[in-house]
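A quick write-up on the structure given underneath.
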Amino acid sequence: MNRASVLRDNPREHCDVVVIGGGPGGSAASISLAKAGLDVVMVEKEQHPRFHVGESLLPHSLPILEDLGVIEQVRSIGVFKPGAEFIAEDGGRHAVFNFGHAITPGPDHAYQIPRAKFDQILFERARACGVRCFEGTKATILSCDESGSVITARESSGVEHTFVADFLIDASGRSTVSTTIGGHKRPDRRTSSAAIFGHFSNVPRASGPNGGNIRIHFTRPGWMWEIPLLENITSIDLVVPGEDLARREGTVEEFFSMRVSKAPVMAEALKQATAVRPLATTGNFSYRAAKSYAPGLIRVGDAYGFIDPIFSSGIHLALESARSAVDALLNVRRHPARRAAIMDDYDRGIRRKISYISWFIYKIHDPVFRNMLLNPKSILDIDRAVISLLAGDFRPDRKIQLRLILFKIIRQMVSFSRSVEIKRSA
Ligand SMILES: Cc1cc2nc3c(=O)[nH]c(=O)nc-3n(C[C@H](O)[C@H](O)[C@H](O)COP(=O)(O)OP(=O)(O)OC[C@H]3O[C@@H](n4cnc5c(N)ncnc54)[C@H](O)[C@@H]3O)c2cc1C
C-alpha cells in the first residue's frame, strides 16, 4: 500500500502527525503539537485508566507538566515528594537527599503518582486540546519514509482505520514498534536487570513531609524501592540481575518473599502489609535504539531507549524528549532544507541527557559509589550537584558538571586506594 493510493481511498484519514502510544511521552508530544495548530492523531492500544509501572516523578518534570496544563490535576492525585532516601540493607546506613538543596534552581519537590490516573490525565488533556485520540486501538506501521507514513489502527471491536501522516512519532514505550525502521534496538549489557513490582497497603511511613520520599534500599545484589501513594498504598519494586529471576526456583511470589526476608529494613516495613494487586514482572530492562530518528519518524521516551529506573528518570526523559521532538518537528516544517541537521541535534540532545544519568546507574552496584551516596559530604557543593542530577537536571551547567566530575574522581581514587589495601593485605 502506498501513500497516494491510501489518500485516494481514504481522503479523510490524512493528518499532520500520527503518535503511536498514549503514555506520558505520546500524550505530551500530542498536546504540544495540537497547541501549535497541527492535526494530530494519537493511537493507544490500551484503554485508560490502565496500570503502568513507574510512579515517582522528578522535580524538573513539574514545569513541563505546568506547560502542558495538567499540574493542578497531577498535584491532586499525588503524594508530596520532597526528596529521595538511600538505605543500606546490610548495615542500616540511611541518607536523605532533599531536592531543596539542589544547586539548580527549580521546584524543591515532586510527586508520587498512580500511573493509571496520571497517564489518563495527560491523555484526556490531549483530547481536550483537539488531538484525535483512539484508545483500545493497536497501531501498525505499514510504511514510513521522508514522504510520510502509512499507519493502520485496529480498534478492539475490529474496526480498522488507515492514517496517512506527514510525520510519525513513536511513543510506544517498551513495545518499540518502529525498531525495524532504522532503529535496531540494542540491549544495554551494562545494566541487565529485571523487576518484580506490586502494590501493598499498611506499609508504615515517616510522619511529616519526608513520609513522601522515595526510599531506595540497597541490597546485594540489586535494590528495592518504596514509593508511597495516596490511599495508604505503597508501591514496592524489587530489582535483581535478570538471570537471578530467570533461574529462580519457585514462583515469583516465593522469590520476592525470599529476597525481602534477606533485607531486614524492607522486611520490617512489609511485616503488616497486605498485597492489593498481584505481583508483576518485567525483564531485559535496558536498551537503546541505534538512532532516535529515521526518515519521517522520531522516537520519544522508552521507544528510543530505556535505562534502569533506579533514579526515577523514565517519565522525565519521556517528557523532555517529547518536548524536544516537537521542537524538532516544527523546525523541520519551517526549514525543510535543514532537516538532517535538526534531527541530528535532536539525537545528540537526547543521548546527552541519558548519558548524564547513565554513569550513576552503571555504577550502582559498586560498593564505593553506594557508600558515597550513603555518606554524602558537603565538600565544594558536590552533594548539591548530585541532588541537582537526582532532581532531573539532565542539562547541567558547567558548575554542576565540574562537581559531578569531582565526584567521579573521588570515587575512582577511593576505589584505587581500596584495591591497593586489599592487595597489600592479601
Ligand atoms: C520496574 C520499573 C520501575 C519504574 N519506575 C519509574 C519511576 O519511579 N519513575 C519514572 O519516571 N519512571 C519509572 N519507570 C520508567 C517509566 O515507567 C517509563 O520510562 C515511562 O513510562 C516512559 O513513558 P513512555 O510514554 O515513553 O512509554 P509508556 O509509558 O510505556 O507508554 C507507551 C504506550 O504505548 C502503548 N503502545 C505500545 N504499543 C502500541 C501499539 N502498537 N499501538 C498503540 N499503542 C501502543 C502502550 O500501551 C503504552 O500506553 C520504571 C520502569 C520500570 C520497568
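Numbering starts fresh at 1 for the residues of each chain in the C-alpha cells, the chains themselves are lettered A, B, ... in the order given, and ligands are numbered from 1 as they appear.
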
I need the residues of region 233-277 of chain A that end up classed as strand (DSSP E) by DSSP on the backbone, written out as a ChimeraX atom specification. /A:233-241,274-275

Take the selection from the previous step and output its residues with C-alpha atoms, as a compact mmCIF listing (two decimals), in the first residue's frame.
```txt
# COMPACT_ATOMS: atom_id res chain seq x y z
CA ILE A 233 -0.93 2.26 49.13
CA THR A 234 2.82 1.79 48.76
CA SER A 235 4.39 0.64 45.53
CA ILE A 236 7.22 -1.82 46.16
CA ASP A 237 9.67 -2.79 43.42
CA LEU A 238 12.46 -5.32 43.60
CA VAL A 239 15.23 -5.13 41.01
CA VAL A 240 17.64 -8.03 40.58
CA PRO A 241 20.04 -9.28 37.92
CA THR A 274 -1.17 -6.71 52.51
CA ALA A 275 -0.74 -7.08 48.74
```

Quick one: pull the distance between CA of Asp170 (chain A) and atom 27 (O, counted along the ligand's line) of ligand 1, Å, one decimal. 9.6 Å

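For the pair CA of Gly23 (chain A) and atom 53 (C, counted along the ligand's line) of ligand 1, the separation is 13.6 Å.
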
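The nearest approach to ligand 1 among the residues A:Ile20, A:Val332, A:Ile214, A:Val368, with only C-alpha atoms and all ligand atoms taken into account, belongs to A:Ile20.
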
Between A:Asp308, A:Asp145, A:Glu44, A:Asp119, which has the minimum distance to ligand 1 (counting only C-alpha atoms and all ligand atoms)? A:Glu44

Counting only C-alpha atoms and all ligand atoms, figure out which residue out of A:Leu373, A:Leu406, A:Val252, A:Ala28 gets nearest to ligand 1. A:Ala28
